[in-house]
$ cat model.cif   # mmCIF, C-alpha atoms and all ligand atoms
data_upload
#
loop_
_atom_site.group_PDB
_atom_site.id
_atom_site.type_symbol
_atom_site.label_atom_id
_atom_site.label_comp_id
_atom_site.auth_asym_id
_atom_site.auth_seq_id
_atom_site.Cartn_x
_atom_site.Cartn_y
_atom_site.Cartn_z
ATOM 1 C CA MET A 315 151.840 116.604 143.483
ATOM 2 C CA ASP A 316 148.768 118.580 142.426
ATOM 3 C CA ASN A 317 150.988 120.988 140.541
ATOM 4 C CA ASP A 318 152.687 118.199 138.625
ATOM 5 C CA GLN A 319 153.034 118.785 134.900
ATOM 6 C CA VAL A 320 152.634 115.430 133.164
ATOM 7 C CA THR A 321 152.770 115.076 129.382
ATOM 8 C CA LEU A 322 152.682 111.914 127.327
ATOM 9 C CA LEU A 323 154.097 111.809 123.817
ATOM 10 C CA GLY A 324 152.375 108.908 122.117
ATOM 11 C CA PHE A 325 150.933 107.464 118.963
ATOM 12 C CA TRP A 326 147.347 106.183 118.889
ATOM 13 C CA ALA A 327 148.111 102.651 117.635
ATOM 14 C CA SER A 328 151.182 102.057 119.773
ATOM 15 C CA PRO A 329 150.708 99.296 122.359
ATOM 16 C CA VAL A 330 153.707 100.572 124.288
ATOM 17 C CA ALA A 331 152.154 104.041 124.565
ATOM 18 C CA MET A 332 148.896 102.405 125.730
ATOM 19 C CA ARG A 333 150.842 100.904 128.635
ATOM 20 C CA VAL A 334 151.613 104.388 129.884
ATOM 21 C CA ARG A 335 148.010 105.560 129.484
ATOM 22 C CA ILE A 336 146.788 102.572 131.521
ATOM 23 C CA ALA A 337 149.337 103.131 134.288
ATOM 24 C CA LEU A 338 148.453 106.832 134.554
ATOM 25 C CA ALA A 339 144.737 106.015 134.574
ATOM 26 C CA GLU A 340 145.217 103.372 137.274
ATOM 27 C CA LYS A 341 146.940 105.976 139.415
ATOM 28 C CA GLY A 342 144.422 108.684 138.600
ATOM 29 C CA VAL A 343 147.152 111.001 137.302
ATOM 30 C CA LYS A 344 145.962 113.765 134.979
ATOM 31 C CA PHE A 345 148.140 114.317 131.939
ATOM 32 C CA GLU A 346 148.337 116.151 128.682
ATOM 33 C CA TYR A 347 148.502 113.912 125.624
ATOM 34 C CA LYS A 348 150.466 114.922 122.522
ATOM 35 C CA GLU A 349 149.949 112.695 119.499
ATOM 36 C CA GLN A 350 153.173 112.260 117.509
ATOM 37 C CA SER A 351 153.784 111.597 113.847
ATOM 38 C CA MET A 352 155.915 108.505 113.251
ATOM 39 C CA ARG A 353 157.138 109.790 109.898
ATOM 40 C CA ASN A 354 157.951 113.360 110.775
ATOM 41 C CA LYS A 355 159.319 113.302 114.296
ATOM 42 C CA SER A 356 158.539 116.497 116.169
ATOM 43 C CA ALA A 357 161.296 118.688 117.563
ATOM 44 C CA LEU A 358 159.871 117.970 121.016
ATOM 45 C CA LEU A 359 160.149 114.191 120.567
ATOM 46 C CA LEU A 360 163.717 114.458 119.243
ATOM 47 C CA GLU A 361 164.664 116.690 122.140
ATOM 48 C CA MET A 362 163.019 114.472 124.762
ATOM 49 C CA ASN A 363 164.198 111.119 123.402
ATOM 50 C CA PRO A 364 167.401 111.891 121.483
ATOM 51 C CA VAL A 365 168.703 108.331 121.936
ATOM 52 C CA HIS A 366 165.901 106.220 120.449
ATOM 53 C CA LYS A 367 163.728 108.993 118.954
ATOM 54 C CA LYS A 368 160.682 106.861 119.778
ATOM 55 C CA ILE A 369 157.453 107.182 121.638
ATOM 56 C CA PRO A 370 156.272 106.831 124.334
ATOM 57 C CA VAL A 371 157.973 109.555 126.318
ATOM 58 C CA LEU A 372 156.616 110.771 129.622
ATOM 59 C CA ILE A 373 157.594 114.311 130.530
ATOM 60 C CA HIS A 374 157.235 114.912 134.245
ATOM 61 C CA ASN A 375 157.834 118.494 135.339
ATOM 62 C CA GLY A 376 160.048 119.015 132.286
ATOM 63 C CA LYS A 377 162.081 115.816 132.741
ATOM 64 C CA PRO A 378 161.769 113.092 130.068
ATOM 65 C CA ILE A 379 161.449 109.394 130.859
ATOM 66 C CA CYS A 380 161.741 106.963 127.958
ATOM 67 C CA GLU A 381 160.983 103.260 127.312
ATOM 68 C CA SER A 382 157.484 102.161 128.218
ATOM 69 C CA LEU A 383 158.361 99.609 130.910
ATOM 70 C CA VAL A 384 160.747 102.052 132.548
ATOM 71 C CA ILE A 385 158.023 104.698 132.401
ATOM 72 C CA VAL A 386 155.446 102.395 134.024
ATOM 73 C CA GLN A 387 157.930 101.585 136.781
ATOM 74 C CA TYR A 388 158.599 105.294 137.262
ATOM 75 C CA ILE A 389 154.863 106.040 137.494
ATOM 76 C CA ASP A 390 154.493 103.257 140.044
ATOM 77 C CA GLU A 391 157.287 104.670 142.181
ATOM 78 C CA MET A 392 156.221 108.281 141.841
ATOM 79 C CA TRP A 393 152.500 107.812 142.548
ATOM 80 C CA LYS A 394 152.200 105.194 145.261
ATOM 81 C CA GLN A 395 148.428 104.578 145.172
ATOM 82 C CA SER A 396 147.214 101.307 143.514
ATOM 83 C CA PRO A 397 150.697 99.716 143.303
ATOM 84 C CA LEU A 398 151.501 97.885 140.084
ATOM 85 C CA LEU A 399 154.733 96.169 141.122
ATOM 86 C CA PRO A 400 154.909 93.944 144.202
ATOM 87 C CA SER A 401 157.083 95.219 147.054
ATOM 88 C CA ASP A 402 158.694 91.823 147.662
ATOM 89 C CA PRO A 403 162.029 91.861 145.747
ATOM 90 C CA TYR A 404 161.591 88.354 144.335
ATOM 91 C CA GLU A 405 158.013 88.916 143.165
ATOM 92 C CA ARG A 406 159.003 92.298 141.784
ATOM 93 C CA THR A 407 161.826 90.825 139.742
ATOM 94 C CA ARG A 408 159.506 88.068 138.554
ATOM 95 C CA SER A 409 157.054 90.678 137.249
ATOM 96 C CA MET A 410 159.900 92.427 135.460
ATOM 97 C CA PHE A 411 160.980 89.137 133.910
ATOM 98 C CA TRP A 412 157.507 88.513 132.458
ATOM 99 C CA ALA A 413 157.112 92.087 131.256
ATOM 100 C CA ASP A 414 160.445 91.721 129.474
ATOM 101 C CA PHE A 415 159.176 88.427 128.031
ATOM 102 C CA VAL A 416 156.188 90.331 126.611
ATOM 103 C CA ASP A 417 158.580 92.798 124.967
ATOM 104 C CA GLN A 418 160.751 90.100 123.477
ATOM 105 C CA LYS A 419 158.132 87.578 122.481
ATOM 106 C CA ILE A 420 154.921 89.475 121.873
ATOM 107 C CA TYR A 421 156.055 92.934 120.820
ATOM 108 C CA ASP A 422 159.015 91.839 118.723
ATOM 109 C CA MET A 423 157.309 88.803 117.269
ATOM 110 C CA LYS A 424 154.330 90.833 116.172
ATOM 111 C CA ARG A 425 156.658 92.326 113.574
ATOM 112 C CA ASN A 426 157.453 88.927 112.060
ATOM 113 C CA MET A 427 153.911 87.706 112.074
ATOM 114 C CA MET A 428 152.420 90.827 110.610
ATOM 115 C CA TRP A 429 154.956 91.961 108.117
ATOM 116 C CA LYS A 430 156.485 88.751 106.778
ATOM 117 C CA THR A 431 154.524 87.856 103.745
ATOM 118 C CA ARG A 432 155.801 84.394 102.920
ATOM 119 C CA GLY A 433 153.773 81.377 104.025
ATOM 120 C CA ASP A 434 156.437 79.389 105.895
ATOM 121 C CA GLU A 435 157.810 82.402 107.717
ATOM 122 C CA GLN A 436 154.349 83.445 108.788
ATOM 123 C CA GLU A 437 153.477 79.919 109.975
ATOM 124 C CA ALA A 438 156.651 79.782 112.086
ATOM 125 C CA ALA A 439 155.936 83.221 113.546
ATOM 126 C CA LYS A 440 152.352 82.198 114.353
ATOM 127 C CA LYS A 441 153.550 79.088 116.170
ATOM 128 C CA ASP A 442 156.097 81.103 118.183
ATOM 129 C CA PHE A 443 153.432 83.641 119.051
ATOM 130 C CA ILE A 444 150.931 81.034 120.282
ATOM 131 C CA ASP A 445 153.668 79.200 122.208
ATOM 132 C CA SER A 446 154.521 82.459 123.981
ATOM 133 C CA LEU A 447 150.877 83.192 124.797
ATOM 134 C CA LYS A 448 150.568 79.688 126.214
ATOM 135 C CA LEU A 449 153.547 80.302 128.488
ATOM 136 C CA LEU A 450 151.839 83.481 129.655
ATOM 137 C CA GLU A 451 148.666 81.498 130.334
ATOM 138 C CA VAL A 452 150.672 79.197 132.590
ATOM 139 C CA GLU A 453 152.102 82.198 134.425
ATOM 140 C CA LEU A 454 148.599 83.639 134.866
ATOM 141 C CA GLY A 455 147.414 80.346 136.357
ATOM 142 C CA ASP A 456 144.118 80.681 138.228
ATOM 143 C CA LYS A 457 144.678 84.304 139.227
ATOM 144 C CA PRO A 458 142.252 86.909 137.864
ATOM 145 C CA TYR A 459 145.205 89.128 136.886
ATOM 146 C CA PHE A 460 148.939 88.598 136.516
ATOM 147 C CA GLY A 461 149.194 90.986 139.455
ATOM 148 C CA GLY A 462 146.968 88.693 141.570
ATOM 149 C CA GLU A 463 143.662 90.150 142.716
ATOM 150 C CA THR A 464 144.404 93.518 141.091
ATOM 151 C CA LEU A 465 145.879 94.765 137.839
ATOM 152 C CA GLY A 466 149.692 94.723 137.975
ATOM 153 C CA TYR A 467 152.820 95.482 135.979
ATOM 154 C CA VAL A 468 152.594 92.439 133.674
ATOM 155 C CA ASP A 469 148.902 93.111 133.002
ATOM 156 C CA VAL A 470 149.784 96.655 131.971
ATOM 157 C CA ALA A 471 152.628 95.383 129.776
ATOM 158 C CA LEU A 472 150.538 92.774 127.963
ATOM 159 C CA VAL A 473 146.921 93.915 127.694
ATOM 160 C CA PRO A 474 147.477 96.648 125.034
ATOM 161 C CA PHE A 475 148.241 93.907 122.513
ATOM 162 C CA TYR A 476 144.644 92.734 122.831
ATOM 163 C CA CYS A 477 143.502 95.497 120.475
ATOM 164 C CA TRP A 478 145.995 94.174 117.873
ATOM 165 C CA PHE A 479 144.733 90.570 118.121
ATOM 166 C CA HIS A 480 141.936 91.137 115.596
ATOM 167 C CA ALA A 481 144.507 92.340 113.043
ATOM 168 C CA TYR A 482 146.853 89.400 113.731
ATOM 169 C CA GLU A 483 144.017 86.902 113.439
ATOM 170 C CA THR A 484 142.612 88.361 110.242
ATOM 171 C CA ILE A 485 145.939 88.861 108.510
ATOM 172 C CA ALA A 486 147.526 85.578 109.583
ATOM 173 C CA ASN A 487 144.229 83.638 109.476
ATOM 174 C CA PHE A 488 144.044 81.990 112.890
ATOM 175 C CA SER A 489 142.060 82.247 116.100
ATOM 176 C CA ILE A 490 143.855 83.208 119.289
ATOM 177 C CA GLU A 491 140.763 82.464 121.378
ATOM 178 C CA ALA A 492 140.605 78.884 120.076
ATOM 179 C CA ARG A 493 144.214 78.302 121.150
ATOM 180 C CA CYS A 494 144.403 80.404 124.316
ATOM 181 C CA PRO A 495 140.879 80.740 125.765
ATOM 182 C CA LYS A 496 142.120 81.508 129.274
ATOM 183 C CA LEU A 497 144.202 84.406 128.091
ATOM 184 C CA ILE A 498 141.303 85.857 126.135
ATOM 185 C CA GLY A 499 139.177 85.510 129.295
ATOM 186 C CA TRP A 500 141.818 87.568 131.089
ATOM 187 C CA CYS A 501 141.812 90.189 128.262
ATOM 188 C CA LYS A 502 138.032 90.542 128.604
ATOM 189 C CA ARG A 503 138.339 90.868 132.380
ATOM 190 C CA CYS A 504 140.925 93.656 131.950
ATOM 191 C CA MET A 505 138.653 95.409 129.432
ATOM 192 C CA GLN A 506 136.008 95.756 132.132
ATOM 193 C CA LYS A 507 138.328 98.223 133.804
ATOM 194 C CA GLU A 508 137.960 101.773 132.559
ATOM 195 C CA SER A 509 141.700 102.378 132.841
ATOM 196 C CA VAL A 510 142.167 99.696 130.173
ATOM 197 C CA SER A 511 139.122 100.096 127.910
ATOM 198 C CA LYS A 512 139.680 103.855 127.598
ATOM 199 C CA SER A 513 143.368 103.401 126.784
ATOM 200 C CA LEU A 514 143.120 100.796 124.031
ATOM 201 C CA ALA A 515 142.466 101.633 120.387
ATOM 202 C CA ASP A 516 139.572 100.300 118.296
ATOM 203 C CA PRO A 517 140.645 96.880 116.880
ATOM 204 C CA HIS A 518 139.069 97.652 113.482
ATOM 205 C CA LYS A 519 141.019 100.879 113.164
ATOM 206 C CA ILE A 520 144.170 98.968 114.099
ATOM 207 C CA TYR A 521 143.394 96.410 111.386
ATOM 208 C CA SER A 522 143.152 99.000 108.613
ATOM 209 C CA TYR A 523 146.318 100.686 109.895
ATOM 210 C CA ALA A 524 148.095 97.301 109.870
ATOM 211 C CA MET A 525 146.978 96.683 106.281
ATOM 212 C CA LYS A 526 148.467 100.006 105.204
ATOM 213 C CA LEU A 527 151.741 99.147 106.948
ATOM 214 C CA ARG A 528 151.838 95.788 105.188
ATOM 215 C CA LYS A 529 151.620 97.533 101.827
ATOM 216 C CA ILE A 530 154.551 99.761 102.735
ATOM 217 C CA TYR A 531 156.525 96.753 103.959
ATOM 218 C CA ARG A 532 155.914 94.833 100.739
ATOM 219 C CA LEU A 533 157.196 97.805 98.759
ATOM 220 C CA SER A 534 160.355 98.086 100.833
ATOM 221 C CA ASP A 535 160.897 94.339 100.302
ATOM 222 C CA GLN A 536 161.806 95.205 96.735
ATOM 223 C CA SER A 537 164.271 97.963 97.482
ATOM 224 C CA LEU A 538 167.640 98.187 99.224
ATOM 225 C CA GLY A 539 167.643 96.965 102.808
ATOM 226 C CA PHE A 540 170.088 96.979 105.712
ATOM 227 C CA VAL A 541 172.068 94.024 104.410
ATOM 228 C CA ASP A 542 172.745 95.836 101.145
ATOM 229 C CA VAL A 543 174.105 98.931 102.755
ATOM 230 C CA ALA A 544 175.897 97.465 105.768
ATOM 231 C CA ASN A 545 179.329 97.520 104.183
ATOM 232 C CA VAL A 546 180.373 100.852 105.683
ATOM 233 C CA SER A 547 183.522 102.014 107.407
ATOM 234 C CA MET A 548 182.672 102.290 111.081
ATOM 235 C CA GLU A 549 185.994 103.992 111.779
ATOM 236 C CA ALA A 550 185.242 106.796 109.345
ATOM 237 C CA LYS A 551 181.785 107.278 110.876
ATOM 238 C CA CYS A 552 182.578 106.775 114.577
ATOM 239 C CA PRO A 553 186.320 107.295 115.206
ATOM 240 C CA LYS A 554 185.846 107.857 118.936
ATOM 241 C CA LEU A 555 183.968 104.594 119.371
ATOM 242 C CA ILE A 556 186.623 102.699 117.420
ATOM 243 C CA GLY A 557 189.285 104.288 119.634
ATOM 244 C CA TRP A 558 187.403 102.994 122.661
ATOM 245 C CA ARG A 559 187.126 99.551 121.088
ATOM 246 C CA LYS A 560 190.892 99.427 120.521
ATOM 247 C CA ARG A 561 191.479 100.511 124.112
ATOM 248 C CA CYS A 562 189.192 97.739 125.365
ATOM 249 C CA MET A 563 190.933 95.195 123.164
ATOM 250 C CA GLN A 564 194.195 95.936 124.982
ATOM 251 C CA LYS A 565 192.653 94.476 128.128
ATOM 252 C CA GLU A 566 193.335 90.793 128.539
ATOM 253 C CA SER A 567 189.827 90.138 129.888
ATOM 254 C CA VAL A 568 188.348 91.493 126.673
ATOM 255 C CA GLN A 569 190.873 89.913 124.316
ATOM 256 C CA ALA A 570 190.274 86.500 125.850
ATOM 257 C CA SER A 571 186.522 86.810 125.419
ATOM 258 C CA CYS A 572 186.353 88.164 121.864
ATOM 259 C CA ARG A 573 186.950 86.667 118.485
ATOM 260 C CA PRO A 574 190.246 87.896 117.032
ATOM 261 C CA PRO A 575 190.112 89.792 113.721
ATOM 262 C CA GLN A 576 191.702 86.905 111.813
ATOM 263 C CA ASP A 577 188.556 84.900 112.590
ATOM 264 C CA LEU A 578 186.651 87.512 110.704
ATOM 265 C CA GLN A 579 189.044 87.201 107.765
ATOM 266 C CA LEU A 580 188.379 83.486 107.785
ATOM 267 C CA CYS A 581 184.684 84.199 107.743
ATOM 268 C CA ASP A 582 185.324 86.413 104.731
ATOM 269 C CA GLU A 583 186.843 83.517 102.870
ATOM 270 C CA VAL A 584 184.099 81.108 103.838
ATOM 271 C CA GLU A 585 181.184 83.465 103.281
ATOM 272 C CA GLU A 586 180.732 85.095 99.925
ATOM 273 C CA ASP A 587 178.376 87.791 101.108
ATOM 274 C CA THR A 588 179.592 88.858 104.515
ATOM 275 C CA SER A 589 178.769 92.534 104.540
ATOM 276 C CA ALA A 590 176.055 92.295 107.174
ATOM 277 C CA PHE A 591 178.009 89.720 109.146
ATOM 278 C CA ARG A 592 181.103 91.915 109.255
ATOM 279 C CA ALA A 593 179.078 94.876 110.372
ATOM 280 C CA SER A 594 177.541 92.891 113.200
ATOM 281 C CA MET A 595 180.975 91.689 114.359
ATOM 282 C CA MET A 596 182.524 95.137 114.181
ATOM 283 C CA PHE A 597 182.093 95.716 117.903
ATOM 284 C CA PRO A 598 182.780 92.395 119.538
ATOM 285 C CA VAL A 599 182.928 93.892 123.031
HETATM 286 N N1 LIG B 601 161.057 99.493 123.672
HETATM 287 C C1 LIG B 601 160.352 100.705 123.385
HETATM 288 C C2 LIG B 601 159.714 100.607 122.014
HETATM 289 C C3 LIG B 601 159.271 101.967 121.514
HETATM 290 C C4 LIG B 601 158.814 101.908 120.071
HETATM 291 O O1 LIG B 601 159.217 101.020 119.299
HETATM 292 N N2 LIG B 601 157.995 102.886 119.685
HETATM 293 C C5 LIG B 601 157.544 102.961 118.321
HETATM 294 C C6 LIG B 601 156.030 103.132 118.276
HETATM 295 S S1 LIG B 601 155.238 101.650 118.787
HETATM 296 C C7 LIG B 601 158.166 104.191 117.669
HETATM 297 O O2 LIG B 601 158.291 105.243 118.251
HETATM 298 N N3 LIG B 601 158.558 104.028 116.402
HETATM 299 C C8 LIG B 601 159.138 105.081 115.632
HETATM 300 C C9 LIG B 601 160.431 104.655 115.024
HETATM 301 O O3 LIG B 601 160.810 103.472 115.147
HETATM 302 O O4 LIG B 601 161.097 105.479 114.430
HETATM 303 C C10 LIG B 601 159.322 100.964 124.475
HETATM 304 O O5 LIG B 601 158.852 100.010 125.088
HETATM 305 O O6 LIG B 601 159.038 102.140 124.730
#

$ encode --input "model.cif" --output "structure tokens" --more "lines below"
Ligand SMILES: N[C@@H](CCC(=O)N[C@@H](CS)C(=O)NCC(=O)O)C(=O)O
Amino acid sequence: MDNDQVTLLGFWASPVAMRVRIALAEKGVKFEYKEQSMRNKSALLLEMNPVHKKIPVLIHNGKPICESLVIVQYIDEMWKQSPLLPSDPYERTRSMFWADFVDQKIYDMKRNMMWKTRGDEQEAAKKDFIDSLKLLEVELGDKPYFGGETLGYVDVALVPFYCWFHAYETIANFSIEARCPKLIGWCKRCMQKESVSKSLADPHKIYSYAMKLRKIYRLSDQSLGFVDVANVSMEAKCPKLIGWRKRCMQKESVQASCRPPQDLQLCDEVEEDTSAFRASMMFPV
């Protein structure tokens, strides 16, 4: 294990990359860090994560592991000291459920709250965000950490977002601490651990980065988006995949579970602008 070659491809402001840093620090694993550009993806990143082309990627002895939660699980299984996931199957699955909740509700929602510029949309996103944090507070209960007495998988999944809170609060004009004091208490407790404090970015740097991103987002608001360009021929682009789809559709189990094409025609008549809708229904299986 001493000869292990561990490399992390990351980006300084990425909460999902911070998860990996924390997990490695908790385990005391030495690693080489390679900062990646999000605009000009390096050949190494494209080679190591050809599917999503995203960071973080952990390269362990030449083998790439992608997706932050998968990476943290891998680290936990590979380096057994200071376990992050419980060994009990039920508790383990429960941790995975809440980590997935963080991905769906905190990571994904951050996009809405930060980049939507209209008042109503932002208010709705803020409410959703606080509601999700409150659910997490309930899950934390009276424990010092989600993992119990020690930092665990859910702690690692959630705590990186703490360094984004200042940006959310300033941009969306609300106080997370006023609404979720217990959760902020937990954030501060986590920050007392070196594995966490050394892995998180400076909240003020994150804020100015977020402001720059908002400017870019506002600009792209005025140009062509996905909905405008969705009216493409999937068959021309992906003939093999369409062949597979047709093969699947010959199976009764699939046919019975999918909307027939005439339904889509009906949708065409009902909806004037169906380009995005049609694209999303193109692969009903
Ligand atoms: N679900 C992925 C999310 C990875 C992700 O979205 N990474 C962002 C940085 S935070 C990225 O690489 N973005 C570049 C892009 O979307 O092209 C994970 O947990 O690893």

$ closest_atom_pairs --input "model.cif" --of "region 375-398 of chain A" --to "region 451-468 of chain A" --cutoff "10 Å" --atoms "all atoms listed in the file" --output "CSV"
residue,atom,partner,partner_atom,distance
A:Leu383,CA,A:Tyr467,CA,8.6
A:Val386,CA,A:Tyr467,CA,7.6
A:Gln387,CA,A:Tyr467,CA,8.0
A:Asp390,CA,A:Tyr467,CA,8.9
A:Ser396,CA,A:Thr464,CA,8.6
A:Pro397,CA,A:Gly466,CA,7.4
A:Leu398,CA,A:Gly466,CA,4.2

$ write_last_selection --input "model.cif" --atoms "C-alpha atoms" --output "PDB file, in the frame of the given file"
ATOM      1  CA  LEU A 383     158.361  99.609 130.910  1.00  0.00           C
ATOM      2  CA  VAL A 386     155.446 102.395 134.024  1.00  0.00           C
ATOM      3  CA  GLN A 387     157.930 101.585 136.781  1.00  0.00           C
ATOM      4  CA  ASP A 390     154.493 103.257 140.044  1.00  0.00           C
ATOM      5  CA  SER A 396     147.214 101.307 143.514  1.00  0.00           C
ATOM      6  CA  PRO A 397     150.697  99.716 143.303  1.00  0.00           C
ATOM      7  CA  LEU A 398     151.501  97.885 140.084  1.00  0.00           C
TER       8      LEU A 398
END

$ atom_distance --input "model.cif" --atom1 "CA of Glu349 (chain A)" --atom2 "CA of Ile520 (chain A)"
15.8 Å

$ resolve_selection --input "model.cif" --expression "the PyMOL selection byres (((chain A and resi 373) around 8) and not hetatm)" --output "ChimeraX atom specification"
/A:319-323,362,371-372,374-379

$ resolve_selection --input "model.cif" --expression "the PyMOL selection byres (((chain A and resi 326) around 9) and not hetatm)" --output "MDAnalysis selection string"
chainID A and resid 324:325 327:329 331:332 349:350 514:515

$ residues_near_point --input "model.cif" --point "(144.1, 88.0, 127.5)" --cutoff "12 Å" --atoms "all atoms listed in the file" --output "VMD selection string"
chain A and resid 447 to 448 450 to 451 454 458 to 460 468 to 479 490 to 491 493 to 505

$ closest_atom_pairs --input "model.cif" --of "chain A" --to "ligand LIG 601 (chain B)" --cutoff "6 Å" --atoms "all atoms listed in the file" --output "JSON lines"
{"residue": "A:Ser328", "atom": "CA", "partner": "B:LIG601", "partner_atom": "S1", "distance": 4.2}
{"residue": "A:Val330", "atom": "CA", "partner": "B:LIG601", "partner_atom": "O5", "distance": 5.2}
{"residue": "A:Met352", "atom": "CA", "partner": "B:LIG601", "partner_atom": "C8", "distance": 5.3}
{"residue": "A:Lys368", "atom": "CA", "partner": "B:LIG601", "partner_atom": "O2", "distance": 3.3}
{"residue": "A:Ile369", "atom": "CA", "partner": "B:LIG601", "partner_atom": "O2", "distance": 4.0}
{"residue": "A:Pro370", "atom": "CA", "partner": "B:LIG601", "partner_atom": "O6", "distance": 5.5}
{"residue": "A:Glu381", "atom": "CA", "partner": "B:LIG601", "partner_atom": "O6", "distance": 3.4}
{"residue": "A:Ser382", "atom": "CA", "partner": "B:LIG601", "partner_atom": "O6", "distance": 3.8}
{"residue": "A:Leu383", "atom": "CA", "partner": "B:LIG601", "partner_atom": "O5", "distance": 5.9}

$ atom_distance --input "model.cif" --atom1 "CA of Lys341 (chain A)" --atom2 "CA of Gln395 (chain A)"
6.1 Å

$ resolve_selection --input "model.cif" --expression "the PyMOL selection byres (((chain A and resi 342) around 12) and not hetatm)" --output "ChimeraX atom specification"
/A:315-316,320,335-341,343-345,389-390,393-397,508-509

$ atom_distance --input "model.cif" --atom1 "CA of Glu483 (chain A)" --atom2 "CA of Arg408 (chain A)"
29.5 Å

$ closest_residue --input "model.cif" --among "A:Ser513, A:Lys551, A:Tyr523, A:Ser489" --to "Tyr347 (chain A)" --atoms "all atoms listed in the file"
A:Ser513
